[in-house]
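Asks: Quick one, protein04.txt (compact mmCIF, C-alpha atoms):
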```
# COMPACT_ATOMS: atom_id res chain seq x y z
CA MET W 1 -11.01 -44.85 15.20
CA SER W 2 -8.18 -43.42 13.19
CA GLY W 3 -8.91 -43.04 9.53
CA LYS W 4 -8.86 -40.29 6.97
CA PRO W 5 -10.06 -36.88 8.11
CA LYS W 6 -13.68 -36.33 7.13
CA LEU W 7 -14.87 -32.90 6.08
CA HIS W 8 -18.49 -31.79 6.57
CA TYR W 9 -19.53 -28.82 4.40
CA PHE W 10 -21.44 -27.94 1.29
CA ASN W 11 -19.96 -28.87 -2.08
CA GLY W 12 -18.13 -25.62 -2.62
CA ARG W 13 -15.22 -23.52 -1.41
CA GLY W 14 -16.49 -21.28 1.36
CA ARG W 15 -14.60 -21.58 4.64
CA MET W 16 -13.63 -25.19 4.07
CA GLU W 17 -11.45 -24.56 1.03
CA SER W 18 -8.37 -23.44 3.01
CA ILE W 19 -8.63 -26.67 4.98
CA ARG W 20 -8.75 -28.72 1.77
CA TRP W 21 -5.68 -26.85 0.51
CA LEU W 22 -3.71 -27.47 3.70
CA LEU W 23 -4.54 -31.18 3.91
CA ALA W 24 -3.67 -31.57 0.24
CA ALA W 25 -0.40 -29.66 0.67
CA ALA W 26 0.49 -31.94 3.57
CA GLY W 27 -0.23 -34.96 1.37
CA VAL W 28 -3.11 -36.08 3.59
CA GLU W 29 -5.99 -37.91 1.93
CA PHE W 30 -9.42 -36.89 3.17
CA GLU W 31 -13.08 -37.73 2.70
CA GLU W 32 -15.93 -35.30 2.28
CA CYS W 33 -19.57 -35.39 3.35
CA PHE W 34 -21.52 -32.72 1.45
CA LEU W 35 -24.51 -30.90 2.92
CA GLU W 36 -27.14 -30.59 0.21
CA THR W 37 -30.22 -29.44 2.13
CA LYS W 38 -31.13 -27.68 5.36
CA ASP W 39 -32.11 -31.07 6.77
CA ASP W 40 -28.54 -32.26 6.37
CA LEU W 41 -27.35 -29.37 8.53
CA THR W 42 -30.15 -29.79 11.05
CA LYS W 43 -29.28 -33.46 11.45
CA LEU W 44 -25.67 -32.61 12.31
CA GLN W 45 -26.84 -29.92 14.73
CA LYS W 46 -29.29 -32.27 16.45
CA ASP W 47 -26.82 -35.10 16.99
CA GLY W 48 -24.41 -32.80 18.84
CA SER W 49 -21.70 -32.91 16.22
CA LEU W 50 -21.36 -29.15 15.86
CA LEU W 51 -20.09 -27.36 18.95
CA PHE W 52 -21.51 -23.99 17.84
CA GLN W 53 -24.11 -25.36 15.40
CA GLN W 54 -21.89 -24.41 12.49
CA VAL W 55 -19.78 -25.91 9.75
CA PRO W 56 -16.94 -26.33 8.76
CA MET W 57 -16.62 -29.44 10.86
CA VAL W 58 -13.76 -31.89 10.43
CA GLU W 59 -13.63 -35.33 12.02
CA ILE W 60 -9.94 -35.84 12.73
CA ASP W 61 -8.04 -37.91 15.29
CA GLY W 62 -11.16 -38.74 17.27
CA MET W 63 -12.29 -35.11 17.47
CA LYS W 64 -15.16 -33.32 15.78
CA MET W 65 -13.32 -30.07 15.21
CA VAL W 66 -15.09 -26.83 14.36
CA GLN W 67 -13.86 -23.26 13.85
CA THR W 68 -11.82 -22.88 10.68
CA ARG W 69 -8.76 -21.37 12.36
CA ALA W 70 -8.64 -24.07 15.03
CA ILE W 71 -8.78 -26.77 12.36
CA LEU W 72 -6.09 -25.13 10.23
CA SER W 73 -3.79 -24.65 13.24
CA TYR W 74 -4.19 -28.28 14.27
CA ILE W 75 -3.42 -29.60 10.81
CA ALA W 76 -0.46 -27.23 10.37
CA ALA W 77 1.08 -28.24 13.71
CA LYS W 78 0.44 -31.96 13.19
CA TYR W 79 2.08 -32.00 9.76
CA ASN W 80 4.99 -29.69 10.60
CA LEU W 81 3.82 -26.74 8.53
CA TYR W 82 3.86 -24.29 11.44
CA GLY W 83 7.49 -23.22 11.75
CA LYS W 84 10.16 -24.49 14.13
CA ASP W 85 9.61 -22.22 17.14
CA LEU W 86 7.38 -19.59 18.69
CA LYS W 87 8.81 -16.71 16.68
CA GLU W 88 8.37 -18.46 13.33
CA ARG W 89 4.87 -19.34 14.42
CA ALA W 90 4.23 -15.69 15.19
CA LEU W 91 5.30 -14.67 11.67
CA ILE W 92 3.24 -17.44 10.10
CA ASP W 93 0.21 -16.40 12.15
CA MET W 94 0.59 -12.75 11.12
CA TYR W 95 0.87 -13.62 7.44
CA VAL W 96 -1.94 -16.13 7.55
CA GLU W 97 -4.39 -13.88 9.42
CA ALA W 98 -3.98 -11.13 6.84
CA VAL W 99 -4.38 -13.61 3.99
CA MET W 100 -7.60 -14.74 5.64
CA ASP W 101 -8.81 -11.14 5.83
CA LEU W 102 -8.25 -10.76 2.08
CA ASN W 103 -9.79 -14.16 1.42
CA GLU W 104 -12.87 -13.10 3.38
CA LEU W 105 -13.33 -10.15 1.03
CA LEU W 106 -12.98 -12.42 -2.01
CA MET W 107 -15.32 -15.02 -0.57
CA THR W 108 -18.10 -12.58 0.25
CA HIS W 109 -18.14 -10.88 -3.13
CA VAL W 110 -20.58 -13.30 -4.74
CA ALA W 111 -23.17 -12.55 -2.04
CA GLN W 112 -23.01 -8.76 -2.38
CA PRO W 113 -26.25 -7.09 -3.52
CA ALA W 114 -26.17 -6.01 -7.18
CA ASP W 115 -25.88 -2.30 -6.40
CA LYS W 116 -22.85 -2.88 -4.13
CA LYS W 117 -20.92 -5.31 -6.32
CA GLU W 118 -18.92 -2.78 -8.30
CA GLU W 119 -17.81 -0.91 -5.18
CA HIS W 120 -16.93 -4.17 -3.45
CA PHE W 121 -14.86 -5.28 -6.40
CA ALA W 122 -12.97 -1.99 -6.31
CA THR W 123 -12.33 -2.46 -2.59
CA ILE W 124 -10.96 -5.95 -3.20
CA VAL W 125 -8.55 -4.72 -5.88
CA ASP W 126 -7.51 -1.75 -3.78
CA LYS W 127 -6.83 -3.78 -0.63
CA ALA W 128 -5.10 -6.58 -2.53
CA THR W 129 -2.79 -4.32 -4.51
CA ASN W 130 -2.19 -1.55 -1.94
CA ARG W 131 -2.26 -3.34 1.38
CA TYR W 132 -1.69 -7.07 1.20
CA PHE W 133 0.37 -7.88 -1.89
CA PRO W 134 2.97 -5.15 -1.21
CA ALA W 135 3.51 -6.59 2.28
CA TYR W 136 4.20 -10.11 1.01
CA GLU W 137 6.27 -8.83 -1.91
CA LYS W 138 8.47 -6.99 0.62
CA VAL W 139 8.79 -10.04 2.88
CA LEU W 140 10.05 -12.10 -0.06
CA LYS W 141 12.31 -9.29 -1.30
CA ASP W 142 13.87 -8.65 2.11
CA HIS W 143 14.96 -12.24 2.79
CA GLY W 144 15.27 -13.45 -0.78
CA GLN W 145 14.20 -16.95 0.21
CA ASP W 146 11.83 -19.33 -1.52
CA PHE W 147 9.33 -19.52 1.31
CA LEU W 148 7.68 -16.87 3.45
CA VAL W 149 9.01 -18.04 6.82
CA GLY W 150 12.17 -19.73 8.03
CA ASN W 151 13.39 -20.82 4.61
CA ARG W 152 10.95 -23.69 4.82
CA PHE W 153 7.56 -24.61 3.36
CA SER W 154 4.73 -23.74 5.78
CA ARG W 155 1.02 -23.10 5.93
CA ALA W 156 1.73 -19.45 5.21
CA ASP W 157 2.92 -20.39 1.70
CA VAL W 158 -0.11 -22.61 1.09
CA GLN W 159 -2.66 -20.06 2.25
CA LEU W 160 -1.00 -17.22 0.35
CA LEU W 161 -0.93 -19.25 -2.87
CA GLU W 162 -4.60 -20.12 -2.47
CA THR W 163 -5.52 -16.45 -2.13
CA LEU W 164 -3.25 -15.31 -4.98
CA LEU W 165 -4.99 -17.74 -7.33
CA THR W 166 -8.44 -16.68 -6.13
CA ALA W 167 -7.53 -13.01 -6.60
CA GLU W 168 -6.40 -13.78 -10.15
CA GLU W 169 -9.80 -15.31 -10.84
CA PHE W 170 -11.22 -11.86 -10.03
CA LYS W 171 -8.69 -9.91 -12.05
CA PRO W 172 -6.22 -11.94 -14.12
CA ASP W 173 -3.52 -9.25 -14.13
CA ILE W 174 -3.77 -8.46 -10.43
CA LEU W 175 -0.19 -9.63 -9.84
CA ALA W 176 1.23 -7.46 -12.64
CA LYS W 177 3.18 -5.20 -10.28
CA PHE W 178 4.45 -7.99 -8.04
CA PRO W 179 7.26 -9.96 -9.71
CA LEU W 180 8.27 -11.83 -6.56
CA LEU W 181 4.71 -12.93 -5.91
CA GLN W 182 4.53 -14.15 -9.50
CA SER W 183 7.63 -16.30 -9.07
CA PHE W 184 6.38 -17.40 -5.62
CA LYS W 185 3.16 -18.49 -7.24
CA ALA W 186 4.99 -20.53 -9.88
CA ARG W 187 7.36 -22.05 -7.34
CA ILE W 188 4.75 -23.13 -4.78
CA SER W 189 2.40 -24.37 -7.49
CA ASN W 190 5.16 -26.77 -8.54
CA ILE W 191 5.47 -28.49 -5.20
CA PRO W 192 4.28 -32.04 -5.98
CA THR W 193 1.37 -32.17 -3.51
CA ILE W 194 0.20 -28.71 -4.57
CA LYS W 195 0.66 -29.46 -8.26
CA LYS W 196 -1.52 -32.53 -7.83
CA PHE W 197 -4.21 -30.52 -6.03
CA LEU W 198 -4.21 -27.97 -8.86
CA GLN W 199 -4.96 -30.62 -11.46
CA PRO W 200 -8.50 -31.43 -12.65
CA GLY W 201 -10.08 -34.26 -10.69
CA SER W 202 -8.67 -33.16 -7.33
CA GLN W 203 -10.87 -32.19 -4.39
CA ARG W 204 -10.26 -28.51 -5.05
CA LYS W 205 -13.59 -26.76 -5.57
CA PRO W 206 -14.51 -24.25 -8.30
CA PRO W 207 -15.62 -20.71 -7.43
CA LEU W 208 -19.26 -20.32 -6.40
CA LEU W 209 -21.36 -18.93 -9.22
CA GLU W 210 -24.09 -16.42 -8.48
CA LYS W 211 -26.71 -18.80 -9.86
CA ASP W 212 -25.72 -21.43 -7.29
CA LEU W 213 -25.89 -19.05 -4.35
CA PRO W 214 -29.61 -19.52 -3.55
CA LYS W 215 -29.16 -23.25 -3.13
CA VAL W 216 -26.29 -22.70 -0.68
CA MET W 217 -28.23 -20.03 1.24
CA LYS W 218 -31.14 -22.47 1.66
CA ILE W 219 -28.89 -24.82 3.60
CA PHE W 220 -27.93 -22.16 6.13
CA TYR W 221 -30.87 -19.73 6.37
CA MET H 1 15.80 -5.16 23.74
CA ALA H 2 13.54 -6.92 26.20
CA GLY H 3 11.20 -4.57 27.98
CA LYS H 4 7.51 -4.37 28.62
CA PRO H 5 5.25 -5.09 25.67
CA LYS H 6 3.95 -1.85 24.16
CA LEU H 7 0.44 -1.66 22.75
CA TYR H 8 -0.47 0.75 19.94
CA TYR H 9 -4.21 1.40 19.66
CA PHE H 10 -6.98 3.82 20.47
CA ASP H 11 -7.80 4.56 24.09
CA GLY H 12 -10.65 2.10 24.08
CA ARG H 13 -11.52 -1.59 23.80
CA GLY H 14 -11.89 -2.52 20.16
CA LYS H 15 -9.69 -5.38 19.01
CA MET H 16 -6.95 -4.62 21.53
CA GLU H 17 -9.02 -5.40 24.61
CA SER H 18 -8.59 -9.18 24.42
CA ILE H 19 -4.85 -8.62 24.29
CA ARG H 20 -4.96 -6.42 27.41
CA TRP H 21 -6.98 -9.13 29.19
CA LEU H 22 -4.52 -11.88 28.28
CA LEU H 23 -1.41 -9.94 29.25
CA ALA H 24 -3.07 -8.96 32.52
CA ALA H 25 -4.16 -12.54 33.19
CA ALA H 26 -0.57 -13.69 32.61
CA GLY H 27 0.63 -11.05 35.09
CA VAL H 28 2.58 -9.21 32.39
CA GLU H 29 2.96 -5.45 32.77
CA PHE H 30 2.53 -3.51 29.54
CA GLU H 31 2.71 0.04 28.22
CA GLU H 32 0.25 1.70 25.89
CA GLU H 33 0.51 4.40 23.25
CA PHE H 34 -2.91 5.77 22.39
CA LEU H 35 -3.73 6.97 18.88
CA GLU H 36 -5.50 10.30 19.14
CA THR H 37 -4.69 12.00 15.82
CA ARG H 38 -4.44 11.12 12.18
CA GLU H 39 -0.85 12.39 12.22
CA GLN H 40 0.19 9.82 14.80
CA TYR H 41 -1.31 7.07 12.69
CA GLU H 42 0.37 8.32 9.53
CA LYS H 43 3.69 8.47 11.33
CA LEU H 44 3.30 4.82 12.30
CA LEU H 45 2.41 3.96 8.71
CA GLN H 46 5.32 5.86 7.21
CA GLY H 47 7.72 4.33 9.71
CA GLY H 48 6.80 0.91 8.39
CA SER H 49 5.60 -0.26 11.79
CA LEU H 50 2.27 -1.62 10.60
CA LEU H 51 2.74 -4.61 8.36
CA PHE H 52 -0.77 -4.37 6.90
CA GLN H 53 -1.32 -0.70 7.75
CA GLN H 54 -3.55 -1.64 10.65
CA VAL H 55 -3.68 -1.62 14.42
CA PRO H 56 -3.63 -3.41 16.86
CA MET H 57 0.15 -3.45 16.87
CA VAL H 58 2.16 -4.75 19.81
CA GLU H 59 5.91 -4.36 20.23
CA ILE H 60 6.98 -7.52 21.99
CA ASP H 61 10.26 -9.46 22.11
CA GLY H 62 11.81 -7.40 19.34
CA MET H 63 8.84 -7.85 17.00
CA LYS H 64 6.23 -5.37 15.84
CA MET H 65 3.34 -7.83 15.88
CA VAL H 66 0.07 -7.17 14.10
CA GLN H 67 -3.11 -9.24 13.63
CA THR H 68 -4.99 -9.71 16.86
CA ARG H 69 -5.13 -13.51 16.78
CA ALA H 70 -1.42 -13.81 15.99
CA ILE H 71 -0.62 -11.59 18.98
CA LEU H 72 -2.96 -13.50 21.29
CA SER H 73 -1.56 -16.90 20.21
CA TYR H 74 1.99 -15.70 20.80
CA ILE H 75 1.20 -14.39 24.28
CA ALA H 76 -0.76 -17.52 25.20
CA ALA H 77 2.06 -19.82 24.12
CA LYS H 78 4.78 -17.73 25.73
CA TYR H 79 3.05 -17.61 29.10
CA ASN H 80 1.86 -21.21 29.15
CA LEU H 81 -1.81 -20.45 28.71
CA TYR H 82 -2.16 -22.63 25.62
CA GLY H 83 -2.58 -26.14 26.97
CA LYS H 84 0.01 -28.88 27.32
CA ASP H 85 -0.24 -30.57 23.91
CA LEU H 86 -1.71 -30.36 20.43
CA LYS H 87 -5.12 -31.71 21.44
CA GLU H 88 -5.55 -29.26 24.33
CA ARG H 89 -4.45 -26.52 21.99
CA ALA H 90 -7.12 -27.63 19.51
CA LEU H 91 -9.82 -27.38 22.18
CA ILE H 92 -8.58 -23.97 23.31
CA ASP H 93 -8.55 -22.75 19.70
CA MET H 94 -12.10 -24.00 19.16
CA TYR H 95 -13.41 -22.35 22.31
CA VAL H 96 -11.58 -19.10 21.65
CA GLY H 97 -12.95 -19.11 18.08
CA GLY H 98 -16.46 -19.22 19.50
CA THR H 99 -15.96 -16.41 22.01
CA ASP H 100 -14.22 -14.41 19.30
CA ASP H 101 -17.26 -14.78 17.04
CA LEU H 102 -19.54 -13.77 19.92
CA MET H 103 -17.46 -10.71 20.76
CA GLY H 104 -17.40 -9.90 17.06
CA PHE H 105 -21.12 -9.12 17.27
CA ILE H 106 -20.31 -6.57 19.94
CA LEU H 107 -17.25 -5.06 18.30
CA MET H 108 -19.02 -2.75 15.88
CA PHE H 109 -21.90 -2.01 18.27
CA PRO H 110 -20.70 1.50 19.21
CA PHE H 111 -20.58 2.47 15.52
CA LEU H 112 -24.19 1.58 14.77
CA SER H 113 -27.11 3.96 14.53
CA ALA H 114 -29.45 4.07 17.54
CA GLU H 115 -32.03 1.99 15.70
CA ASP H 116 -29.50 -0.63 14.60
CA LYS H 117 -28.11 -0.76 18.13
CA GLU H 118 -31.40 -2.04 19.48
CA LYS H 119 -31.60 -4.69 16.80
CA GLN H 120 -27.99 -5.70 17.39
CA ARG H 121 -28.48 -5.91 21.15
CA ALA H 122 -31.21 -8.48 20.56
CA ILE H 123 -28.98 -10.42 18.15
CA ILE H 124 -26.09 -10.44 20.64
CA VAL H 125 -28.31 -11.77 23.41
CA GLU H 126 -29.88 -14.34 21.11
CA LYS H 127 -26.55 -15.68 19.86
CA ALA H 128 -25.11 -15.71 23.37
CA THR H 129 -28.01 -17.58 24.94
CA SER H 130 -28.89 -19.97 22.10
CA ARG H 131 -25.53 -20.78 20.54
CA TYR H 132 -22.46 -19.89 22.59
CA PHE H 133 -23.34 -20.02 26.30
CA PRO H 134 -25.03 -23.43 25.98
CA ALA H 135 -21.85 -24.83 24.40
CA TYR H 136 -19.60 -23.65 27.24
CA GLU H 137 -22.18 -24.59 29.88
CA LYS H 138 -22.11 -28.14 28.52
CA VAL H 139 -18.30 -28.29 28.40
CA LEU H 140 -18.12 -27.33 32.07
CA LYS H 141 -20.96 -29.63 33.06
CA ASP H 142 -19.51 -32.63 31.19
CA HIS H 143 -16.07 -32.58 32.80
CA GLY H 144 -17.00 -30.87 36.08
CA GLN H 145 -13.62 -29.13 36.25
CA ASP H 146 -12.82 -25.56 37.19
CA PHE H 147 -11.29 -24.61 33.85
CA LEU H 148 -12.43 -25.14 30.29
CA VAL H 149 -9.46 -27.22 29.11
CA GLY H 150 -7.17 -29.74 30.73
CA ASN H 151 -8.00 -28.84 34.31
CA SER H 152 -5.62 -25.91 33.94
CA PHE H 153 -6.07 -22.15 33.56
CA SER H 154 -5.75 -21.14 29.89
CA TRP H 155 -6.43 -18.45 27.32
CA ALA H 156 -9.86 -20.04 26.76
CA ASP H 157 -10.92 -19.17 30.33
CA VAL H 158 -9.73 -15.56 30.04
CA HIS H 159 -11.46 -15.06 26.70
CA LEU H 160 -14.74 -16.58 27.90
CA LEU H 161 -14.80 -14.41 31.01
CA GLU H 162 -14.20 -11.34 28.88
CA ALA H 163 -17.07 -12.34 26.57
CA ILE H 164 -19.45 -13.05 29.46
CA LEU H 165 -18.83 -9.65 31.02
CA MET H 166 -19.30 -7.90 27.68
CA VAL H 167 -22.62 -9.59 27.03
CA GLU H 168 -23.76 -8.83 30.60
CA GLU H 169 -23.18 -5.17 29.82
CA LYS H 170 -25.85 -5.55 27.13
CA LYS H 171 -28.24 -7.56 29.34
CA SER H 172 -27.37 -7.88 32.98
CA ASP H 173 -29.27 -11.12 33.68
CA VAL H 174 -28.10 -12.93 30.56
CA LEU H 175 -26.46 -15.71 32.61
CA SER H 176 -29.65 -16.58 34.43
CA GLY H 177 -30.11 -19.90 32.63
CA PHE H 178 -26.47 -20.92 33.01
CA PRO H 179 -25.46 -21.98 36.53
CA GLN H 180 -22.10 -23.45 35.46
CA LEU H 181 -21.16 -20.20 33.74
CA GLN H 182 -22.20 -18.18 36.79
CA ALA H 183 -19.89 -20.24 38.98
CA PHE H 184 -17.18 -20.06 36.29
CA LYS H 185 -17.46 -16.28 36.18
CA ALA H 186 -17.08 -15.98 39.96
CA ARG H 187 -14.20 -18.42 40.04
CA ILE H 188 -12.14 -16.92 37.20
CA SER H 189 -12.82 -13.37 38.40
CA SER H 190 -11.21 -14.35 41.70
CA ILE H 191 -7.91 -15.35 40.19
CA PRO H 192 -5.50 -12.71 41.58
CA THR H 193 -4.27 -11.32 38.24
CA ILE H 194 -7.82 -11.18 36.88
CA LYS H 195 -9.20 -9.71 40.11
CA LYS H 196 -6.59 -6.96 39.87
CA PHE H 197 -7.49 -6.26 36.23
CA LEU H 198 -11.18 -5.99 37.16
CA GLN H 199 -10.49 -3.28 39.74
CA PRO H 200 -10.77 0.44 38.97
CA GLY H 201 -7.47 1.96 37.91
CA SER H 202 -6.36 -1.04 35.84
CA GLN H 203 -5.67 -0.83 32.11
CA ARG H 204 -9.02 -2.40 31.33
CA LYS H 205 -11.01 -0.03 29.13
CA PRO H 206 -14.64 1.04 29.74
CA VAL H 207 -17.62 0.43 27.47
CA PRO H 208 -16.94 2.39 24.25
CA ASP H 209 -18.69 5.76 24.04
CA ASP H 210 -19.23 8.41 21.36
CA LYS H 211 -15.85 9.96 22.06
CA TYR H 212 -14.21 6.63 21.25
CA VAL H 213 -16.19 6.30 18.03
CA GLU H 214 -15.22 9.84 17.06
CA THR H 215 -11.53 9.13 17.71
CA VAL H 216 -11.53 5.96 15.63
CA ARG H 217 -13.33 7.65 12.75
CA ARG H 218 -10.93 10.59 12.85
CA VAL H 219 -7.73 8.57 13.05
CA LEU H 220 -8.74 6.03 10.39
CA CYS H 221 -10.71 8.49 8.24
CA MET H 222 -13.50 5.96 8.55
CA TYR H 223 -16.54 8.15 7.95
CA TYR H 224 -18.78 5.70 6.15
CA ASP H 225 -21.82 4.17 7.85
CA ILE H 226 -21.31 0.88 9.62
CA LYS H 227 -24.08 -1.63 9.22
CA ALA H 228 -24.65 -4.60 11.48
CA ASN H 229 -23.79 -8.00 9.96
```
As structure tokens, what does this structure read like?
Replies:
Amino acid sequence: MSGKPKLHYFNGRGRMESIRWLLAAAGVEFEECFLETKDDLTKLQKDGSLLFQQVPMVEIDGMKMVQTRAILSYIAAKYNLYGKDLKERALIDMYVEAVMDLNELLMTHVAQPADKKEEHFATIVDKATNRYFPAYEKVLKDHGQDFLVGNRFSRADVQLLETLLTAEEFKPDILAKFPLLQSFKARISNIPTIKKFLQPGSQRKPPLLEKDLPKVMKIFY
Amino acid sequence: MAGKPKLYYFDGRGKMESIRWLLAAAGVEFEEEFLETREQYEKLLQGGSLLFQQVPMVEIDGMKMVQTRAILSYIAAKYNLYGKDLKERALIDMYVGGTDDLMGFILMFPFLSAEDKEKQRAIIVEKATSRYFPAYEKVLKDHGQDFLVGNSFSWADVHLLEAILMVEEKKSDVLSGFPQLQAFKARISSIPTIKKFLQPGSQRKPVPDDKYVETVRRVLCMYYDIKAN
């Protein structure tokens, strides 16, 4: 039965957050079912809802979709945020995969052991400012357009904005050397659907605090 | 200028192997440039060929593509191995995500200490037999078709075969509880392009050895210890 997409995850960012961003950017309303305890996860596993026993899982268009990338690709294609042809798709995929690599580093920081945290933080800043941000800054500089690919809003813009904001939560001046990324950030944040998602009361989730980590771990381990 | 795709990577499996499999399955001839020295890598970096300073990189259709999944998606779509519509694509993406996760457990295996290797071998087998193989076994059983998606050969079939063979290298009888997967393996291995790729002399790479590990560490200056995840 067609209805709003329904997201199954814990009440936090994790791997579901990019999906929330993309649905919101596309102006698609969605529902959420939060896992609170291990039993909640076990129940989903036992009733065959999770192809590989894992979340994220999104009920959408009669499917129980799993695998974050598969879900994001489906949403992007369905809502025309995936470029106009194969070559634009290729660029979007390249940009998005790298953003996801950086996002993975950001996401895993909270779970680093205490003696590794400082080194991990340094790695994040190094990779962000020496590998990833320069690449996107150059893309924007070279074509001078408002959006990353094809002069048109796409999932690449959404996912990059998400990661830029998360990186700033780590280090507020992390964009200091990247003027085009700063203006990109302002521009994309102003898109009505995105602007709405960035306001308090939206389904955007706050960063996971270290004190909340044990509760999340209990669900999965 | 249209020509054969050209792959830039080490002379070994790593993240490039799935790309070799898919090109081969699609019957596409490709060239390879193997990174042996740090200088070669730095030359690629300085030439601006590596968008995020990393390999794999594949020159294809006038693009210098990076990011393994981006490259695989492009090849799959170009050679009609990506299903006929959005829903088939969604299934293929889900299945490929699973086999990618499974092969991810094997990816860093050569870099582990001897002790960690034994632990990781057990993890690989456990994940394969309790999480991933049962899922694909059920998919095949439920629809009774020859291929994973849409009764048509796709990227999902190539990727699953690759994963099965890799896990079998860690435990040769790992498919013993999975009759559908055994038949699937035989069937897909018989497809002419795949059969050719599985023969000696093809561009398929062997199980990574210490020489491969040494090359990667040297070229990437990656001398820190790798721990299993």
Asks: My list of candidates is W:Lys138, W:Lys84, W:Arg69, W:Lys43. Which is closest to Leu51 (chain H) when distances are computed with all atoms listed in the file?
Replies: W:Lys138
Asks: Have a look at H:Ala114, H:Lys119, H:Tyr212, H:Val139 and name the one nearest to Ala156 (chain H); count only C-alpha atoms.
Replies: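 The closest residue to Ala156 (chain H) is H:Val139.
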Asks: Please identify every residue of chain H that has at least one atom no farther than 9 Å from an atom of chain W, counting all atoms listed in the file, and for each give the shortest atom pair and the distance in Å to one decimal, arranged by chain then increasing number, as a tab-separated table.
Replies:
```
residue	atom	partner	partner_atom	distance
H:Leu51	CA	W:Ala135	CA	6.4
H:Phe52	CA	W:Arg131	CA	5.8
H:Gln53	CA	W:Arg131	CA	7.0
H:Met63	CA	W:Lys87	CA	8.9
H:Met65	CA	W:Met94	CA	7.4
H:Val66	CA	W:Met94	CA	6.3
H:Gln67	CA	W:Met94	CA	5.7
H:Thr68	CA	W:Glu97	CA	8.5
H:Arg69	CA	W:Glu97	CA	7.4
H:Ala70	CA	W:Asp93	CA	4.9
H:Ile71	CA	W:Ala90	CA	7.4
H:Ser73	CA	W:Ala90	CA	7.8
H:Tyr74	CA	W:Ala90	CA	6.0
H:Ala77	CA	W:Leu86	CA	7.6
H:Lys78	CA	W:Leu86	CA	7.7
H:Leu86	CA	W:Tyr74	CA	7.0
H:Lys87	CA	W:Tyr74	CA	8.0
H:Arg89	CA	W:Tyr74	CA	7.9
H:Ala90	CA	W:Ala70	CA	5.9
H:Leu91	CA	W:Ala70	CA	8.0
H:Ile92	CA	W:Ala70	CA	8.3
H:Asp93	CA	W:Ala70	CA	4.9
H:Met94	CA	W:Ala70	CA	5.4
H:Tyr95	CA	W:Gln67	CA	8.5
H:Val96	CA	W:Ala70	CA	8.8
H:Gly97	CA	W:Gln67	CA	6.0
H:Gly98	CA	W:Phe52	CA	7.1
H:Arg131	CA	W:Phe52	CA	5.8
H:Tyr132	CA	W:Phe52	CA	6.3
H:Pro134	CA	W:Phe52	CA	8.9
H:Ala135	CA	W:Leu51	CA	6.3
```
Asks: Would you kindly return, as a ChimeraX atom specification, each protein, DNA or RNA residue with an atom no farther than 10 Å from any atom of region 7-14 of chain W, considering only C-alpha atoms and excluding same-chain residues fewer than 2 positions away?
Replies: /W:4-5,16-20,30-37,40-41,44,54-60,64-66,103-104,107-108,203-209,212,216,219-220
Asks: Which polymer residues, protein or nucleic acid, are no farther than 10 Å from (-3.3, -26.0, 2.2), counting only C-alpha atoms, as a ChimeraX atom specification?
Replies: /W:17-27,72,75-76,81,154-162,193-194,197
Asks: Would you pick out the contacts of Arg38 (chain H) at 7 Å or less, using only C-alpha atoms, so that residues sharing its chain but fewer than 6 positions from it are not included, and give the list as JSON, numbers by chain?
Replies: {"H": [218, 219, 220]}
Asks: How many Å lie between CA of Arg152 (chain W) and CA of Tyr82 (chain W), rounded to one decimal?
Replies: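 Computing the Euclidean distance for CA of Arg152 (chain W) and CA of Tyr82 (chain W) yields 9.7 Å.
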Asks: So what do you get for CA of Glu169 (chain H) versus CA of Gly48 (chain W), distance-wise?
Replies: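 The value is 29.8 Å.
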Asks: Go ahead and compute the interatomic distance for CA of Ala114 (chain W) and CA of Pro214 (chain W), in Å to one decimal.
Replies: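 Computing the Euclidean distance for CA of Ala114 (chain W) and CA of Pro214 (chain W) yields 14.4 Å.
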Asks: Pick the closest to Asp100 (chain H) from H:Glu137, H:Asp210, H:Glu162, H:Asp85: which is it, counting only C-alpha atoms?
Replies: H:Glu162
Asks: Skip region 140-144 of chain W itself and residues of its chain fewer than 5 positions away, then list as a PyMOL selection string all residues within 9 Å of it, counting all atoms listed in the file.
Replies: chain W and resi 135+151+180-181+184
Asks: Which residues are near Ile226 (chain H)? Cut-off 9 Å, all atoms listed in the file, ignore same chain within fewer than 4 positions. Put them as a list in words.
Replies: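 Surrounding residues, per the criterion: Met108, Phe111, Leu112 and Ser113 of chain H.
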Asks: Choose the residue, out of H:Leu181, H:Leu107, H:Val28, H:Val125, that has the smallest atom-to-atom separation from Asp157 (chain H); count all atoms listed in the file.
Replies: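 Closest to Asp157 (chain H) of all the choices is H:Leu181.
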Asks: Which neighbours of Phe121 (chain W) fall inside 12 Å, counting all atoms listed in the file, when residues of the same chain fewer than 3 positions from it are skipped, and could you give them as a ChimeraX atom specification?
Replies: /W:105-118,124-128,167,170-171
